[in-house]
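All remarks here apply to the structure that follows.
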Amino acid sequence: MEALSKDVAIILVPIVTIILGIIIGWLGQRSGFCSIGGIRDFILFRQTRLLKGYIGLIISAFVFYFIFSWIVPTAFPKFIWFLQEGQLFTAIPGGPGGLSIAATIICMLVGGVFVGIIGTLLGGCPLRQLVMTSEGNLKSGWFVIGMFAGALIFSAFILGWVVNFFTLIGI
Amino acid sequence: MVAKSEKKGIDAILRKPLTAGIIIGFLAALVQALLFPAGGPVAYGFCVACHTRDLIVVAFNDAFGTSLFAAPISLAGALPVLTIIGVLVGAVIASLIYREFRLKKGNVKSYVKYALGGFFFMVCALLMGACPYRIALRIGYGDLIAVFGLIAIIVGVFIGVKIALKKMEAE
């Protein structure tokens, strides 16, 4: 099957993503779905209820990427990523651009550790914080406000500093 | 009344995090199949960190004429991805329907703590180029570099649990 034309897809972006969000918000509220909570509950209590959800997400993403890439191949370039030629040590774009693979891995490791620590100490991953905000938790509401501020400051300043830093030390 | 009991049956299934994980994985692939022609990157169906960034950055760019970085999919359209607004709305609707909306206040100190937490969480997540959810999607797409991120998050949660236990002992 052919993918949609660019013009149609652009119009669909806000409509599709807001419906997607509403469904995920509903599911998140009903199930208490939480990635970091899943890992935490397993480490603390050997409880797998939430962890199953996160592992299910990884497996389900792979299975449905596989199925959809077969139906609409043009919308799934370079799937399966690491099996493509020369892509074993390439990351999917989205992080700070223009960094070497070593620098990207350093960003992953440093960022990931702090994401884990903060998420654990403040009772949840960002999805859980959004859902708790909607359930009327004002503390989570402030977390979300902090998230928006962090995103803006990161894009305006920190992104540039990170790229300069790695250029400077030559990694 | 018949409809209500039926709703209960579906709700019991939706309350399982595993169901939520599988549905989110499916939706992420479906959204990419529909929206990828509007712009990349791949494995971008759902990400709390990146989608929050896109929302605030595009709004800021429009208001102040700046050209901060957001994902191509959000820069292409008249509106960026609206997933985050959807999540908030969806969770509010669910918590009102199931009467789980409770206003929970904290003190000013806790608000500052959560706001700072959200701020640094977002900075670290954007450093990784993913929140825990996009890490799952990237692994599902076959990005081996993302596995480093997941390992780092697990290490972070482990450290966070240790800190939390230490704090509880001290009290």
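Chain labels run A, B, ... following the order of the structure tokens; each chain numbers its residues from 1, and ligands are numbered from 1 in the order shown.
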
As a short mmCIF file (atom, residue, chain, number, x, y, z; two decimals) with N, CA and C atoms, in the first residue's frame, please: the residues near Val81 (chain B) (cut-off 12 Å, only C-alpha atoms, same-chain neighbours under 5 positions excluded).
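Heads up, here's the output in result19.cif:
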```
data_model
loop_
_atom_site.label_atom_id
_atom_site.label_comp_id
_atom_site.auth_asym_id
_atom_site.auth_seq_id
_atom_site.Cartn_x
_atom_site.Cartn_y
_atom_site.Cartn_z
N ALA A 9 -0.76 14.17 5.16
CA ALA A 9 -0.15 13.77 6.43
C ALA A 9 0.04 14.98 7.35
N ILE A 10 0.45 16.12 6.75
CA ILE A 10 0.68 17.32 7.56
C ILE A 10 -0.61 17.78 8.24
N ILE A 11 -1.72 17.73 7.48
CA ILE A 11 -3.01 18.13 8.07
C ILE A 11 -3.40 17.16 9.18
N LEU A 12 -3.06 15.89 9.00
CA LEU A 12 -3.47 14.87 9.97
C LEU A 12 -2.66 14.91 11.27
N VAL A 13 -1.45 15.51 11.25
CA VAL A 13 -0.58 15.46 12.43
C VAL A 13 -1.29 15.85 13.73
N PRO A 14 -1.85 17.08 13.82
CA PRO A 14 -2.49 17.43 15.10
C PRO A 14 -3.71 16.56 15.43
N ILE A 15 -4.50 16.20 14.42
CA ILE A 15 -5.73 15.44 14.68
C ILE A 15 -5.40 14.05 15.19
N VAL A 16 -4.50 13.37 14.47
CA VAL A 16 -4.15 11.99 14.87
C VAL A 16 -3.46 11.98 16.23
N THR A 17 -2.53 12.93 16.46
CA THR A 17 -1.79 12.87 17.72
C THR A 17 -2.67 13.21 18.92
N ILE A 18 -3.67 14.08 18.74
CA ILE A 18 -4.51 14.40 19.90
C ILE A 18 -5.41 13.20 20.23
N ILE A 19 -5.89 12.48 19.21
CA ILE A 19 -6.68 11.27 19.47
C ILE A 19 -5.79 10.21 20.14
N LEU A 20 -4.57 10.06 19.60
CA LEU A 20 -3.60 9.14 20.21
C LEU A 20 -3.40 9.46 21.69
N GLY A 21 -3.21 10.76 21.97
CA GLY A 21 -2.98 11.18 23.35
C GLY A 21 -4.15 10.85 24.25
N VAL B 31 0.44 5.18 14.06
CA VAL B 31 0.66 6.62 13.88
C VAL B 31 1.82 6.86 12.91
N LEU B 35 1.53 9.05 9.64
CA LEU B 35 2.10 10.40 9.68
C LEU B 35 3.53 10.51 9.20
N ALA B 38 4.70 13.15 6.71
CA ALA B 38 4.77 14.55 7.13
C ALA B 38 6.16 14.92 7.62
N GLY B 39 6.95 13.94 7.99
CA GLY B 39 8.31 14.19 8.49
C GLY B 39 8.66 13.21 9.56
N GLY B 40 9.96 12.99 9.72
CA GLY B 40 10.43 12.00 10.68
C GLY B 40 10.52 12.56 12.08
N TYR B 44 8.78 7.53 16.44
CA TYR B 44 8.43 8.79 17.11
C TYR B 44 6.95 8.84 17.46
N GLY B 45 6.27 7.69 17.38
CA GLY B 45 4.82 7.67 17.62
C GLY B 45 4.41 8.24 18.95
N PHE B 46 5.16 7.89 19.99
CA PHE B 46 4.80 8.40 21.32
C PHE B 46 6.07 8.64 22.13
N CYS B 47 6.23 9.88 22.60
CA CYS B 47 7.36 10.21 23.47
C CYS B 47 6.95 11.40 24.31
N VAL B 48 6.91 11.22 25.62
CA VAL B 48 6.47 12.33 26.46
C VAL B 48 7.46 13.48 26.38
N ALA B 49 8.77 13.17 26.45
CA ALA B 49 9.77 14.23 26.45
C ALA B 49 9.79 14.98 25.12
N CYS B 50 9.94 14.23 24.02
CA CYS B 50 10.09 14.89 22.71
C CYS B 50 8.80 15.61 22.30
N HIS B 51 7.65 15.00 22.56
CA HIS B 51 6.40 15.64 22.15
C HIS B 51 6.12 16.90 22.97
N THR B 52 6.54 16.90 24.26
CA THR B 52 6.43 18.11 25.07
C THR B 52 7.34 19.19 24.49
N ARG B 53 8.56 18.80 24.15
CA ARG B 53 9.53 19.73 23.55
C ARG B 53 8.95 20.34 22.28
N ASP B 54 8.41 19.48 21.41
CA ASP B 54 7.86 19.97 20.13
C ASP B 54 6.76 21.00 20.36
N LEU B 55 5.88 20.69 21.32
CA LEU B 55 4.74 21.55 21.61
C LEU B 55 5.20 22.94 22.05
N ILE B 56 6.09 22.98 23.05
CA ILE B 56 6.49 24.27 23.61
C ILE B 56 7.41 25.02 22.65
N VAL B 57 8.29 24.28 21.95
CA VAL B 57 9.24 24.94 21.06
C VAL B 57 8.51 25.55 19.85
N VAL B 58 7.57 24.83 19.27
CA VAL B 58 6.84 25.36 18.11
C VAL B 58 6.01 26.59 18.54
N ALA B 59 5.39 26.51 19.72
CA ALA B 59 4.63 27.66 20.22
C ALA B 59 5.56 28.86 20.43
N ALA B 70 12.95 21.54 16.72
CA ALA B 70 11.92 20.57 17.07
C ALA B 70 11.98 19.48 16.00
N ALA B 71 11.26 18.37 16.21
CA ALA B 71 11.29 17.29 15.23
C ALA B 71 10.66 17.75 13.92
N PRO B 72 11.17 17.29 12.77
CA PRO B 72 10.63 17.70 11.46
C PRO B 72 9.11 17.55 11.36
N ILE B 73 8.57 16.48 11.96
CA ILE B 73 7.12 16.25 11.87
C ILE B 73 6.35 17.42 12.48
N SER B 74 6.90 18.02 13.55
CA SER B 74 6.19 19.12 14.21
C SER B 74 6.44 20.46 13.51
N LEU B 75 7.60 20.59 12.85
CA LEU B 75 7.90 21.84 12.16
C LEU B 75 7.16 21.93 10.83
N ALA B 76 6.81 20.76 10.26
CA ALA B 76 6.20 20.75 8.93
C ALA B 76 4.80 21.34 8.93
N GLY B 86 -3.53 15.73 24.53
CA GLY B 86 -4.44 14.59 24.48
C GLY B 86 -4.35 13.73 25.73
N VAL B 87 -3.14 13.46 26.18
CA VAL B 87 -2.96 12.62 27.38
C VAL B 87 -3.63 13.28 28.58
#
```

Residues of region 30-151 of chain A classed as helix (DSSP H, G or I) by DSSP on the backbone are to be reported as an NGL selection string.
:A and (30-31 or 35-45 or 49-71 or 73-75 or 81-83 or 101-121 or 126-134 or 138-151)

Counting only C-alpha atoms, what is within 10 Å of Asp41 (chain A), bar same-chain residues fewer than 3 positions away, as a PDB file with C-alpha atoms, in the first residue's frame?
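And here is the file that came out, around26.pdb:
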```pdb
ATOM      1  CA  ILE A  36      10.053   3.606  35.740  1.00  0.00           C
ATOM      2  CA  GLY A  37       7.473   2.406  38.289  1.00  0.00           C
ATOM      3  CA  GLY A  38       7.640  -1.030  36.680  1.00  0.00           C
ATOM      4  CA  LEU A  44      11.858  -3.422  45.477  1.00  0.00           C
ATOM      5  CA  PHE A  45       9.133  -6.070  45.654  1.00  0.00           C
ATOM      6  CA  ARG A  46       9.790  -8.442  42.730  1.00  0.00           C
ATOM      7  CA  GLN A  47       6.353  -7.324  41.518  1.00  0.00           C
ATOM      8  CA  THR A  48       5.860  -7.622  37.769  1.00  0.00           C
ATOM      9  CA  ARG A  49       2.422  -6.045  37.173  1.00  0.00           C
ATOM     10  CA  LEU A  50       3.730  -2.730  35.812  1.00  0.00           C
ATOM     11  CA  LEU A  51       6.923  -4.209  34.378  1.00  0.00           C
ATOM     12  CA  THR A 120      12.096   6.933  41.127  1.00  0.00           C
TER      13      THR A 120
ATOM     14  CA  VAL B 157      16.184   3.405  39.218  1.00  0.00           C
ATOM     15  CA  VAL B 161      15.637   3.015  45.233  1.00  0.00           C
TER      16      VAL B 161
END
```

note - CA of Gly119 (chain A) and CA of Thr90 (chain A) are separated by 27.2 Å

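Among the candidates A:Gln84, A:Met132, A:Tyr65, A:Glu2, the residue lying nearest to chain B is A:Tyr65 (atoms considered: only C-alpha atoms).
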
Long-range neighbours of Phe79 (chain A) as a PDB file with C-alpha atoms, in the first residue's frame, 9 Å cut-off, only C-alpha atoms, 5 positions minimum in chain:
```
ATOM      1  CA  TYR A  65       6.390  -2.084  13.300  1.00  0.00           C
ATOM      2  CA  PHE A  66       7.081  -5.373  11.572  1.00  0.00           C
ATOM      3  CA  SER A  69       6.348  -1.998   7.597  1.00  0.00           C
ATOM      4  CA  PRO A  73       6.994   0.008   3.534  1.00  0.00           C
ATOM      5  CA  GLN A  84      20.745  -2.250   7.670  1.00  0.00           C
TER       6      GLN A  84
ATOM      7  CA  TYR B 141      12.596  -0.405  15.804  1.00  0.00           C
ATOM      8  CA  GLY B 142      15.976  -2.097  16.194  1.00  0.00           C
TER       9      GLY B 142
END
```

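Of note, CA of Pro41 (chain B) and CA of Ala125 (chain B) are spaced 16.6 Å apart.
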
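Among the candidate residues B:Pro80, B:Pro37, B:Gly9, B:Gly140, the one lying nearest to Ile80 (chain A) is B:Gly140, with distances computed using only C-alpha atoms.
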
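Shell of Ile101 (chain A) at 10 Å, with only C-alpha atoms counted and residues fewer than 6 places along the chain excluded, is Phe89, Thr90, Ala91, Cys107 and Ile171 of chain A; Ile145 of chain B.
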
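Once Cys34 (chain A) and its same-chain neighbours fewer than 3 positions away are set aside, Gly28, Gly37, Gly38, Leu50, Gly53, Tyr54, Gly124, Cys125, Leu127 and Arg128 of chain A remain within 8 Å of it when counting only C-alpha atoms.
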
Could you please take those selected residues and save N, CA and C atoms as a CSV table (one decimal), in the first residue's frame?
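That gives us out-v4.csv:
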```csv
chain,number,residue,atom,x,y,z
A,28,GLY,N,-3.6,5.1,30.5
A,28,GLY,CA,-2.7,5.4,31.6
A,28,GLY,C,-3.4,5.6,32.9
A,37,GLY,N,8.2,3.1,37.2
A,37,GLY,CA,7.5,2.4,38.3
A,37,GLY,C,7.6,0.9,38.2
A,38,GLY,N,7.5,0.4,36.9
A,38,GLY,CA,7.6,-1.0,36.7
A,38,GLY,C,9.0,-1.6,37.1
A,50,LEU,N,3.4,-3.9,36.7
A,50,LEU,CA,3.7,-2.7,35.8
A,50,LEU,C,4.8,-3.1,34.8
A,53,GLY,N,3.8,-4.4,31.6
A,53,GLY,CA,3.3,-3.4,30.6
A,53,GLY,C,4.4,-2.8,29.8
A,54,TYR,N,5.5,-2.5,30.5
A,54,TYR,CA,6.7,-1.9,29.7
A,54,TYR,C,7.3,-2.9,28.8
A,124,GLY,N,7.4,8.6,39.7
A,124,GLY,CA,6.9,8.1,38.4
A,124,GLY,C,7.6,8.7,37.2
A,125,CYS,N,7.4,8.0,36.1
A,125,CYS,CA,7.9,8.5,34.8
A,125,CYS,C,7.0,9.7,34.3
A,127,LEU,N,4.9,10.0,31.9
A,127,LEU,CA,3.5,9.7,31.6
A,127,LEU,C,2.6,9.7,32.9
A,128,ARG,N,3.2,9.0,33.9
A,128,ARG,CA,2.5,8.9,35.2
A,128,ARG,C,2.3,10.3,35.8
```

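Pairwise distance (CA of Leu109 (chain A), CA of Leu18 (chain B)) equals 27.0 Å.
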